[in-house]
Amino acid sequence: MEIAMKSHVGRVRQVNEDYFACIADLNGRVLAVVADGMGGHQAGDIASRLAVERIVKELRHLEGELSDEDARERLMDALLMANEEVYQYAQEHPECSGMGTTIVAALLGETGGVTAHIGDSRLYHFNADGLQLKTEDHSLVHELMKSGQITAEEASVHPQRNVLMRALGTEPDVRIDLGQFNWSEGDVVLLCSDGLSNKVDHSVMVEWLKRPVSLQAQVDGLVEHALDAGGEDNITLVAVRNKPKPVTGNREG
């Protein structure tokens with residue numbers, strides 16, 4: 001598989017509260033994770049780092065012959081362990097009270113992937129049929145849109161568009177959304193924080209992913225587009241292309 005990643009603090013923030021990891025050597029699977037911390041300076045970046053590092057730790061030694069059902073269960077368990085760690089840290093450090101993080105994670109194999117997420121970080125699947133969003137935002141504006149109270153255009157400028165209905169680490173118990181999809185050679189999976197999805201239109205993502213350049217160049221271009229559109233938030237994007245070429249070079253950050 002081909003992997004590309006980029007994280008940028010943005011043009012306004014002083015601290016990057018996003019954190020990510022992509023681990024390519026899990027017995028034939030790839031683990032990709034993006035987290036967007038909340039709780040202000042220090043607390044947010046601590047929450048996202050703790051969560052991602054715990055998920056990586058829990059999944060670092062996957063068995064080679066896991067079924068998709070087993071992989072999905074392992075992924076969910078890892079997120080639950082991360083929730084416990086972030087919540088416990090906040091209880092022991094009053095200055096971090098209320099901190100939390102979004103999480104979107106995927107375990108990707110040759111023919112498909114399993115996903116888990118909470119919050120408004122997203123996972124997209126790009127193939128010959130186009131670009132499909134595979135996650136549902138756990139945000140106030142999304143709930144308002146689903147109930148027909150506001151339109152998508154109103155949601156994009158809503159004063160409470162950053163309010164989350166669910167996040168990792170804010171409560172001792174948490175509900176994780178799980179998913180599964182099939183993919184073929186040449187398909188791309190994108191995981192991103194809302195610093196990208198709030199600034200880059202669906203059509204622009206498709207345009208970049210169709211360009212005859214490397215996956216890293218596509219990722220770099222999408223992040224630059226988010227910066228050019230204002231870049232008020234941290235921006236993180238992890239992309240994986242289903243490609244038979246073996247990949248090394250795990251990365252977290």
# chains A, B, ... in the order shown; residues from 1 in each chain; ligands from 1

call {"tool": "select_by_dssp", "arguments": {"residues": "segment 100-213 of chain A", "states": "alpha helix (DSSP H)", "output": "list of chain:residue names"}}
result
A:Leu140, A:Val141, A:His142, A:Glu143, A:Leu144, A:Met145, A:Lys146, A:Ala152, A:Glu153, A:Glu154, A:Ala155, A:Ser156, A:Asp194, A:Gly195, A:Leu196, A:Ser197, A:His202, A:Ser203, A:Val204, A:Met205, A:Val206, A:Glu207, A:Trp208, A:Leu209

call {"tool": "residues_around", "arguments": {"residues": "segment 3-18 of chain A", "least_positions_apart": "3", "cutoff": "7 Å", "atoms": "only C-alpha atoms", "output": "list in words"}}
result
Ala35, Asp36, Gly37, His41, Gly44, Asp45, Ser48, Leu215, Gln216, Val219, Asp220, Leu227, Gly231, Glu232, Asp233, Asn234, Ile235, Thr236, Leu237, Val238, Ala239, Val240 and Arg241 of chain A

call {"tool": "write_last_selection", "arguments": {"atoms": "N, CA and C atoms", "output": "PDB file, in the first residue's frame"}}
result
ATOM      1  N   ALA A  35      -6.656  12.050  15.073  1.00  0.00           N
ATOM      2  CA  ALA A  35      -7.345  12.582  16.253  1.00  0.00           C
ATOM      3  C   ALA A  35      -7.234  14.097  16.266  1.00  0.00           C
ATOM      4  N   ASP A  36      -8.285  14.747  16.724  1.00  0.00           N
ATOM      5  CA  ASP A  36      -8.340  16.214  16.830  1.00  0.00           C
ATOM      6  C   ASP A  36      -8.716  16.551  18.269  1.00  0.00           C
ATOM      7  N   GLY A  37      -7.723  16.984  19.050  1.00  0.00           N
ATOM      8  CA  GLY A  37      -7.926  17.219  20.472  1.00  0.00           C
ATOM      9  C   GLY A  37      -8.747  18.456  20.772  1.00  0.00           C
ATOM     10  N   HIS A  41      -5.147  24.810  24.966  1.00  0.00           N
ATOM     11  CA  HIS A  41      -3.702  24.604  24.915  1.00  0.00           C
ATOM     12  C   HIS A  41      -3.276  23.568  25.944  1.00  0.00           C
ATOM     13  N   GLY A  44      -5.783  19.708  24.834  1.00  0.00           N
ATOM     14  CA  GLY A  44      -6.197  19.112  23.565  1.00  0.00           C
ATOM     15  C   GLY A  44      -5.117  18.283  22.920  1.00  0.00           C
ATOM     16  N   ASP A  45      -3.880  18.806  22.915  1.00  0.00           N
ATOM     17  CA  ASP A  45      -2.823  18.036  22.278  1.00  0.00           C
ATOM     18  C   ASP A  45      -2.436  16.822  23.118  1.00  0.00           C
ATOM     19  N   SER A  48      -5.264  14.076  22.285  1.00  0.00           N
ATOM     20  CA  SER A  48      -5.119  13.418  20.989  1.00  0.00           C
ATOM     21  C   SER A  48      -3.896  12.504  20.968  1.00  0.00           C
ATOM     22  N   LEU A 215       0.601  10.169  -4.456  1.00  0.00           N
ATOM     23  CA  LEU A 215      -0.356  10.337  -3.366  1.00  0.00           C
ATOM     24  C   LEU A 215       0.099  11.440  -2.414  1.00  0.00           C
ATOM     25  N   GLN A 216       1.402  11.531  -2.154  1.00  0.00           N
ATOM     26  CA  GLN A 216       1.898  12.582  -1.269  1.00  0.00           C
ATOM     27  C   GLN A 216       1.655  13.958  -1.866  1.00  0.00           C
ATOM     28  N   VAL A 219      -1.970  14.777  -1.278  1.00  0.00           N
ATOM     29  CA  VAL A 219      -2.184  15.156   0.120  1.00  0.00           C
ATOM     30  C   VAL A 219      -1.662  16.566   0.375  1.00  0.00           C
ATOM     31  N   ASP A 220      -0.459  16.851  -0.096  1.00  0.00           N
ATOM     32  CA  ASP A 220       0.120  18.184   0.084  1.00  0.00           C
ATOM     33  C   ASP A 220      -0.772  19.253  -0.548  1.00  0.00           C
ATOM     34  N   LEU A 227      -5.274  25.604   3.691  1.00  0.00           N
ATOM     35  CA  LEU A 227      -4.559  26.793   4.188  1.00  0.00           C
ATOM     36  C   LEU A 227      -4.958  28.032   3.393  1.00  0.00           C
ATOM     37  N   GLY A 231      -7.368  28.403   6.743  1.00  0.00           N
ATOM     38  CA  GLY A 231      -6.514  27.640   7.644  1.00  0.00           C
ATOM     39  C   GLY A 231      -6.654  28.024   9.104  1.00  0.00           C
ATOM     40  N   GLU A 232      -7.883  28.324   9.547  1.00  0.00           N
ATOM     41  CA  GLU A 232      -8.063  28.761  10.932  1.00  0.00           C
ATOM     42  C   GLU A 232      -7.820  27.650  11.946  1.00  0.00           C
ATOM     43  N   ASP A 233      -7.953  26.405  11.518  1.00  0.00           N
ATOM     44  CA  ASP A 233      -7.824  25.266  12.427  1.00  0.00           C
ATOM     45  C   ASP A 233      -6.591  24.455  12.051  1.00  0.00           C
ATOM     46  N   ASN A 234      -6.196  23.540  12.936  1.00  0.00           N
ATOM     47  CA  ASN A 234      -5.169  22.564  12.585  1.00  0.00           C
ATOM     48  C   ASN A 234      -5.704  21.680  11.453  1.00  0.00           C
ATOM     49  N   ILE A 235      -4.799  21.214  10.603  1.00  0.00           N
ATOM     50  CA  ILE A 235      -5.184  20.444   9.420  1.00  0.00           C
ATOM     51  C   ILE A 235      -4.360  19.166   9.385  1.00  0.00           C
ATOM     52  N   THR A 236      -5.030  18.025   9.358  1.00  0.00           N
ATOM     53  CA  THR A 236      -4.319  16.750   9.297  1.00  0.00           C
ATOM     54  C   THR A 236      -5.003  15.824   8.302  1.00  0.00           C
ATOM     55  N   LEU A 237      -4.187  15.157   7.489  1.00  0.00           N
ATOM     56  CA  LEU A 237      -4.698  14.239   6.477  1.00  0.00           C
ATOM     57  C   LEU A 237      -3.763  13.039   6.374  1.00  0.00           C
ATOM     58  N   VAL A 238      -4.340  11.853   6.450  1.00  0.00           N
ATOM     59  CA  VAL A 238      -3.629  10.594   6.222  1.00  0.00           C
ATOM     60  C   VAL A 238      -4.335   9.884   5.076  1.00  0.00           C
ATOM     61  N   ALA A 239      -3.575   9.469   4.072  1.00  0.00           N
ATOM     62  CA  ALA A 239      -4.153   8.788   2.911  1.00  0.00           C
ATOM     63  C   ALA A 239      -3.431   7.477   2.668  1.00  0.00           C
ATOM     64  N   VAL A 240      -4.208   6.463   2.276  1.00  0.00           N
ATOM     65  CA  VAL A 240      -3.657   5.145   1.960  1.00  0.00           C
ATOM     66  C   VAL A 240      -4.242   4.700   0.625  1.00  0.00           C
ATOM     67  N   ARG A 241      -3.356   4.349  -0.305  1.00  0.00           N
ATOM     68  CA  ARG A 241      -3.812   3.823  -1.603  1.00  0.00           C
ATOM     69  C   ARG A 241      -3.580   2.320  -1.636  1.00  0.00           C
TER      70      ARG A 241
END

call {"tool": "closest_atom_pairs", "arguments": {"of": "segment 162-185 of chain A", "to": "segment 86-102 of chain A", "cutoff": "9 Å", "atoms": "only C-alpha atoms", "output": "tab-separated table"}}
result
residue	atom	partner	partner_atom	distance
A:Leu164	CA	A:Thr102	CA	8.9
A:Arg166	CA	A:Thr102	CA	8.2
A:Ala167	CA	A:Thr102	CA	5.4
A:Leu168	CA	A:Thr101	CA	5.2
A:Gly169	CA	A:Tyr87	CA	4.4
A:Thr170	CA	A:Gly100	CA	5.2
A:Glu171	CA	A:Tyr87	CA	6.5
A:Pro172	CA	A:Tyr87	CA	6.3

call {"tool": "atom_distance", "arguments": {"atom1": "atom CA of Glu153 of chain A", "atom2": "atom CA of Val104 of chain A"}}
result
24.3 Å

call {"tool": "closest_residue", "arguments": {"among": "A:Asn162, A:Ser203, A:Ser147, A:Thr135", "to": "Ala105 of chain A", "atoms": "only C-alpha atoms"}}
result
A:Thr135

call {"tool": "select_by_dssp", "arguments": {"residues": "segment 7-250 of chain A", "states": "strand (DSSP E)", "output": "number ranges by chain"}}
result
A: 7-8, 18-26, 29-38, 100-108, 112-118, 122-127, 130-133, 177-182, 188-192, 235-241

call {"tool": "atom_distance", "arguments": {"atom1": "atom CA of His61 of chain A", "atom2": "atom CA of Glu110 of chain A"}}
result
18.1 Å

call {"tool": "atom_distance", "arguments": {"atom1": "atom CA of Ala116 of chain A", "atom2": "atom CA of Cys22 of chain A"}}
result
14.8 Å

call {"tool": "closest_residue", "arguments": {"among": "A:Ala217, A:Met38, A:Ala106, A:Met76", "to": "Phe181 of chain A", "atoms": "only C-alpha atoms"}}
result
A:Ala106

call {"tool": "residues_around", "arguments": {"residues": "segment 118-132 of chain A", "least_positions_apart": "2", "cutoff": "6 Å", "atoms": "only C-alpha atoms", "output": "tab-separated table (two decimals) with N, CA, C and O atoms, in the first residue's frame"}}
result
chain	number	residue	atom	x	y	z
A	102	THR	N	-11.52	13.89	19.14
A	102	THR	CA	-12.16	13.07	18.12
A	102	THR	C	-11.20	11.94	17.77
A	102	THR	O	-9.99	12.04	18.00
A	103	ILE	N	-11.73	10.89	17.20
A	103	ILE	CA	-10.90	9.80	16.68
A	103	ILE	C	-11.57	9.24	15.43
A	103	ILE	O	-12.78	8.99	15.43
A	104	VAL	N	-10.79	9.03	14.38
A	104	VAL	CA	-11.23	8.20	13.26
A	104	VAL	C	-10.08	7.25	12.98
A	104	VAL	O	-8.92	7.65	12.88
A	134	LYS	N	-17.56	7.87	4.59
A	134	LYS	CA	-17.89	6.62	5.26
A	134	LYS	C	-18.18	6.80	6.75
A	134	LYS	O	-18.45	5.81	7.44
A	135	THR	N	-18.09	8.01	7.26
A	135	THR	CA	-18.37	8.28	8.66
A	135	THR	C	-19.45	9.36	8.78
A	135	THR	O	-19.69	10.10	7.83
A	137	ASP	N	-20.63	12.60	11.14
A	137	ASP	CA	-20.16	13.53	12.17
A	137	ASP	C	-21.06	13.46	13.41
A	137	ASP	O	-22.29	13.47	13.31
A	138	HIS	N	-20.43	13.43	14.56
A	138	HIS	CA	-21.16	13.51	15.83
A	138	HIS	C	-21.11	14.96	16.32
A	138	HIS	O	-20.47	15.27	17.32
A	166	ARG	N	-20.47	13.98	20.72
A	166	ARG	CA	-19.71	12.87	21.30
A	166	ARG	C	-18.23	13.10	21.06
A	166	ARG	O	-17.83	13.61	20.01
A	167	ALA	N	-17.40	12.72	22.03
A	167	ALA	CA	-15.95	12.78	21.89
A	167	ALA	C	-15.33	11.71	22.76
A	167	ALA	O	-15.96	11.19	23.69
A	176	ILE	N	-18.98	4.08	20.34
A	176	ILE	CA	-18.15	4.13	19.15
A	176	ILE	C	-18.96	3.68	17.94
A	176	ILE	O	-19.66	2.67	18.00
A	187	ASP	N	-7.85	2.14	-5.24
A	187	ASP	CA	-8.71	2.93	-4.36
A	187	ASP	C	-7.87	3.66	-3.31
A	187	ASP	O	-6.78	3.21	-2.94
A	188	VAL	N	-8.42	4.76	-2.81
A	188	VAL	CA	-7.74	5.56	-1.78
A	188	VAL	C	-8.69	5.76	-0.59
A	188	VAL	O	-9.88	6.01	-0.78
A	189	VAL	N	-8.13	5.63	0.61
A	189	VAL	CA	-8.86	5.97	1.83
A	189	VAL	C	-8.21	7.22	2.43
A	189	VAL	O	-6.98	7.29	2.54
A	190	LEU	N	-9.03	8.20	2.78
A	190	LEU	CA	-8.57	9.44	3.40
A	190	LEU	C	-9.14	9.55	4.80
A	190	LEU	O	-10.34	9.40	4.99
A	191	LEU	N	-8.30	9.84	5.78
A	191	LEU	CA	-8.73	10.17	7.13
A	191	LEU	C	-8.28	11.60	7.40
A	191	LEU	O	-7.13	11.95	7.13
A	192	CYS	N	-9.18	12.45	7.93
A	192	CYS	CA	-8.80	13.84	8.12
A	192	CYS	C	-9.51	14.46	9.32
A	192	CYS	O	-10.58	14.01	9.74
A	193	SER	N	-8.90	15.50	9.85
A	193	SER	CA	-9.54	16.31	10.88
A	193	SER	C	-10.43	17.35	10.19
A	193	SER	O	-10.35	17.56	8.98
A	194	ASP	N	-11.29	18.01	10.97
A	194	ASP	CA	-12.23	18.96	10.36
A	194	ASP	C	-11.54	20.22	9.85
A	194	ASP	O	-12.15	20.99	9.12

call {"tool": "closest_residue", "arguments": {"among": "A:Ile23, A:Leu144, A:Asn83, A:Glu185", "to": "Ala47 of chain A", "atoms": "only C-alpha atoms"}}
result
A:Asn83

call {"tool": "closest_residue", "arguments": {"among": "A:His202, A:Lys243, A:Lys210, A:His225", "to": "Trp183 of chain A", "atoms": "only C-alpha atoms"}}
result
A:Lys243

call {"tool": "residues_around", "arguments": {"residues": "Glu58 of chain A", "least_positions_apart": "2", "cutoff": "12 Å", "atoms": "only C-alpha atoms", "output": "VMD selection string"}}
result
chain A and resid 26 31 51 to 56 60 to 63 71 73 to 82

call {"tool": "decode", "arguments": {"residues": "segment 42-162 of chain A", "atoms": "C-alpha atoms", "output": "short mmCIF file (atom, residue, chain, number, x, y, z; two decimals), in the first residue's frame"}}
result
data_model
loop_
_atom_site.label_atom_id
_atom_site.label_comp_id
_atom_site.auth_asym_id
_atom_site.auth_seq_id
_atom_site.Cartn_x
_atom_site.Cartn_y
_atom_site.Cartn_z
CA GLN A 42 -1.93 21.52 26.31
CA ALA A 43 -5.12 19.63 27.18
CA GLY A 44 -6.20 19.11 23.57
CA ASP A 45 -2.82 18.04 22.28
CA ILE A 46 -2.34 15.73 25.27
CA ALA A 47 -5.73 14.10 24.68
CA SER A 48 -5.12 13.42 20.99
CA ARG A 49 -1.59 12.11 21.58
CA LEU A 50 -2.62 9.83 24.46
CA ALA A 51 -5.50 8.41 22.44
CA VAL A 52 -3.53 7.69 19.28
CA GLU A 53 -0.56 6.23 21.15
CA ARG A 54 -2.84 3.91 23.14
CA ILE A 55 -4.64 2.71 20.01
CA VAL A 56 -1.32 1.99 18.31
CA LYS A 57 -0.08 0.16 21.41
CA GLU A 58 -3.20 -2.02 21.58
CA LEU A 59 -3.02 -2.97 17.88
CA ARG A 60 0.74 -3.15 17.37
CA HIS A 61 0.79 -6.98 17.52
CA LEU A 62 -2.22 -8.08 15.51
CA GLU A 63 -2.58 -11.73 14.59
CA GLY A 64 -2.21 -12.42 10.88
CA GLU A 65 -5.44 -14.34 10.24
CA LEU A 66 -8.00 -12.05 11.86
CA SER A 67 -11.47 -12.01 10.31
CA ASP A 68 -13.04 -8.63 9.58
CA GLU A 69 -15.34 -9.17 12.55
CA ASP A 70 -12.39 -9.84 14.83
CA ALA A 71 -10.50 -6.85 13.43
CA ARG A 72 -13.49 -4.59 14.03
CA GLU A 73 -13.76 -5.84 17.61
CA ARG A 74 -10.06 -5.29 18.22
CA LEU A 75 -10.33 -1.77 16.81
CA MET A 76 -13.31 -0.94 19.01
CA ASP A 77 -11.56 -2.34 22.08
CA ALA A 78 -8.52 -0.19 21.33
CA LEU A 79 -10.67 2.95 21.18
CA LEU A 80 -12.37 2.03 24.44
CA MET A 81 -8.97 1.59 26.11
CA ALA A 82 -7.93 4.98 24.72
CA ASN A 83 -11.11 6.53 26.12
CA GLU A 84 -10.32 5.14 29.55
CA GLU A 85 -6.75 6.47 29.42
CA VAL A 86 -7.72 10.00 28.34
CA TYR A 87 -10.55 10.20 30.87
CA GLN A 88 -8.35 8.94 33.70
CA TYR A 89 -5.58 11.39 32.83
CA ALA A 90 -8.04 14.29 33.01
CA GLN A 91 -9.26 13.09 36.41
CA GLU A 92 -5.69 13.03 37.74
CA HIS A 93 -4.71 16.40 36.21
CA PRO A 94 -7.26 19.13 37.08
CA GLU A 95 -5.69 21.54 34.59
CA CYS A 96 -6.88 19.14 31.84
CA SER A 97 -10.42 18.77 33.13
CA GLY A 98 -12.91 18.33 30.30
CA MET A 99 -10.35 17.49 27.67
CA GLY A 100 -11.19 15.05 24.92
CA THR A 101 -10.54 14.22 21.31
CA THR A 102 -12.16 13.07 18.12
CA ILE A 103 -10.90 9.80 16.68
CA VAL A 104 -11.23 8.20 13.26
CA ALA A 105 -9.38 4.93 12.75
CA ALA A 106 -9.19 2.20 10.12
CA LEU A 107 -7.60 -1.22 9.84
CA LEU A 108 -7.03 -1.82 6.13
CA GLY A 109 -6.36 -5.13 4.40
CA GLU A 110 -5.99 -6.09 0.75
CA THR A 111 -9.71 -6.34 0.00
CA GLY A 112 -11.38 -4.19 2.63
CA GLY A 113 -11.22 -2.23 5.82
CA VAL A 114 -12.94 -1.81 9.15
CA THR A 115 -13.47 1.58 10.74
CA ALA A 116 -14.23 3.12 14.12
CA HIS A 117 -14.85 6.75 14.93
CA ILE A 118 -16.24 9.28 17.35
CA GLY A 119 -16.50 13.03 16.81
CA ASP A 120 -16.25 14.90 13.51
CA SER A 121 -12.97 13.69 12.06
CA ARG A 122 -13.81 11.84 8.86
CA LEU A 123 -12.97 8.88 6.65
CA TYR A 124 -13.53 9.01 2.87
CA HIS A 125 -13.24 6.24 0.28
CA PHE A 126 -12.25 7.22 -3.27
CA ASN A 127 -12.66 4.85 -6.23
CA ALA A 128 -13.89 4.81 -9.82
CA ASP A 129 -17.41 5.65 -8.63
CA GLY A 130 -16.27 8.84 -6.89
CA LEU A 131 -15.67 9.95 -3.32
CA GLN A 132 -17.85 8.55 -0.54
CA LEU A 133 -17.94 9.73 3.07
CA LYS A 134 -17.89 6.62 5.26
CA THR A 135 -18.37 8.28 8.66
CA GLU A 136 -21.11 10.42 10.20
CA ASP A 137 -20.16 13.53 12.17
CA HIS A 138 -21.16 13.51 15.83
CA SER A 139 -21.73 17.25 15.86
CA LEU A 140 -24.55 19.62 16.71
CA VAL A 141 -24.85 20.99 13.17
CA HIS A 142 -25.07 17.48 11.73
CA GLU A 143 -27.94 16.67 14.08
CA LEU A 144 -29.65 19.91 13.08
CA MET A 145 -29.18 19.03 9.40
CA LYS A 146 -30.57 15.51 9.88
CA SER A 147 -33.68 16.92 11.54
CA GLY A 148 -34.12 19.44 8.74
CA GLN A 149 -33.64 22.49 10.95
CA ILE A 150 -30.74 23.86 8.90
CA THR A 151 -29.29 23.32 5.43
CA ALA A 152 -25.76 22.22 4.57
CA GLU A 153 -24.96 25.79 3.56
CA GLU A 154 -26.20 27.09 6.93
CA ALA A 155 -24.22 24.40 8.73
CA SER A 156 -20.96 25.57 7.14
CA VAL A 157 -21.29 29.00 8.79
CA HIS A 158 -23.26 28.07 11.90
CA PRO A 159 -21.82 29.72 15.06
CA GLN A 160 -21.93 26.36 16.88
CA ARG A 161 -20.48 24.26 14.07
CA ASN A 162 -17.59 23.13 16.29
#
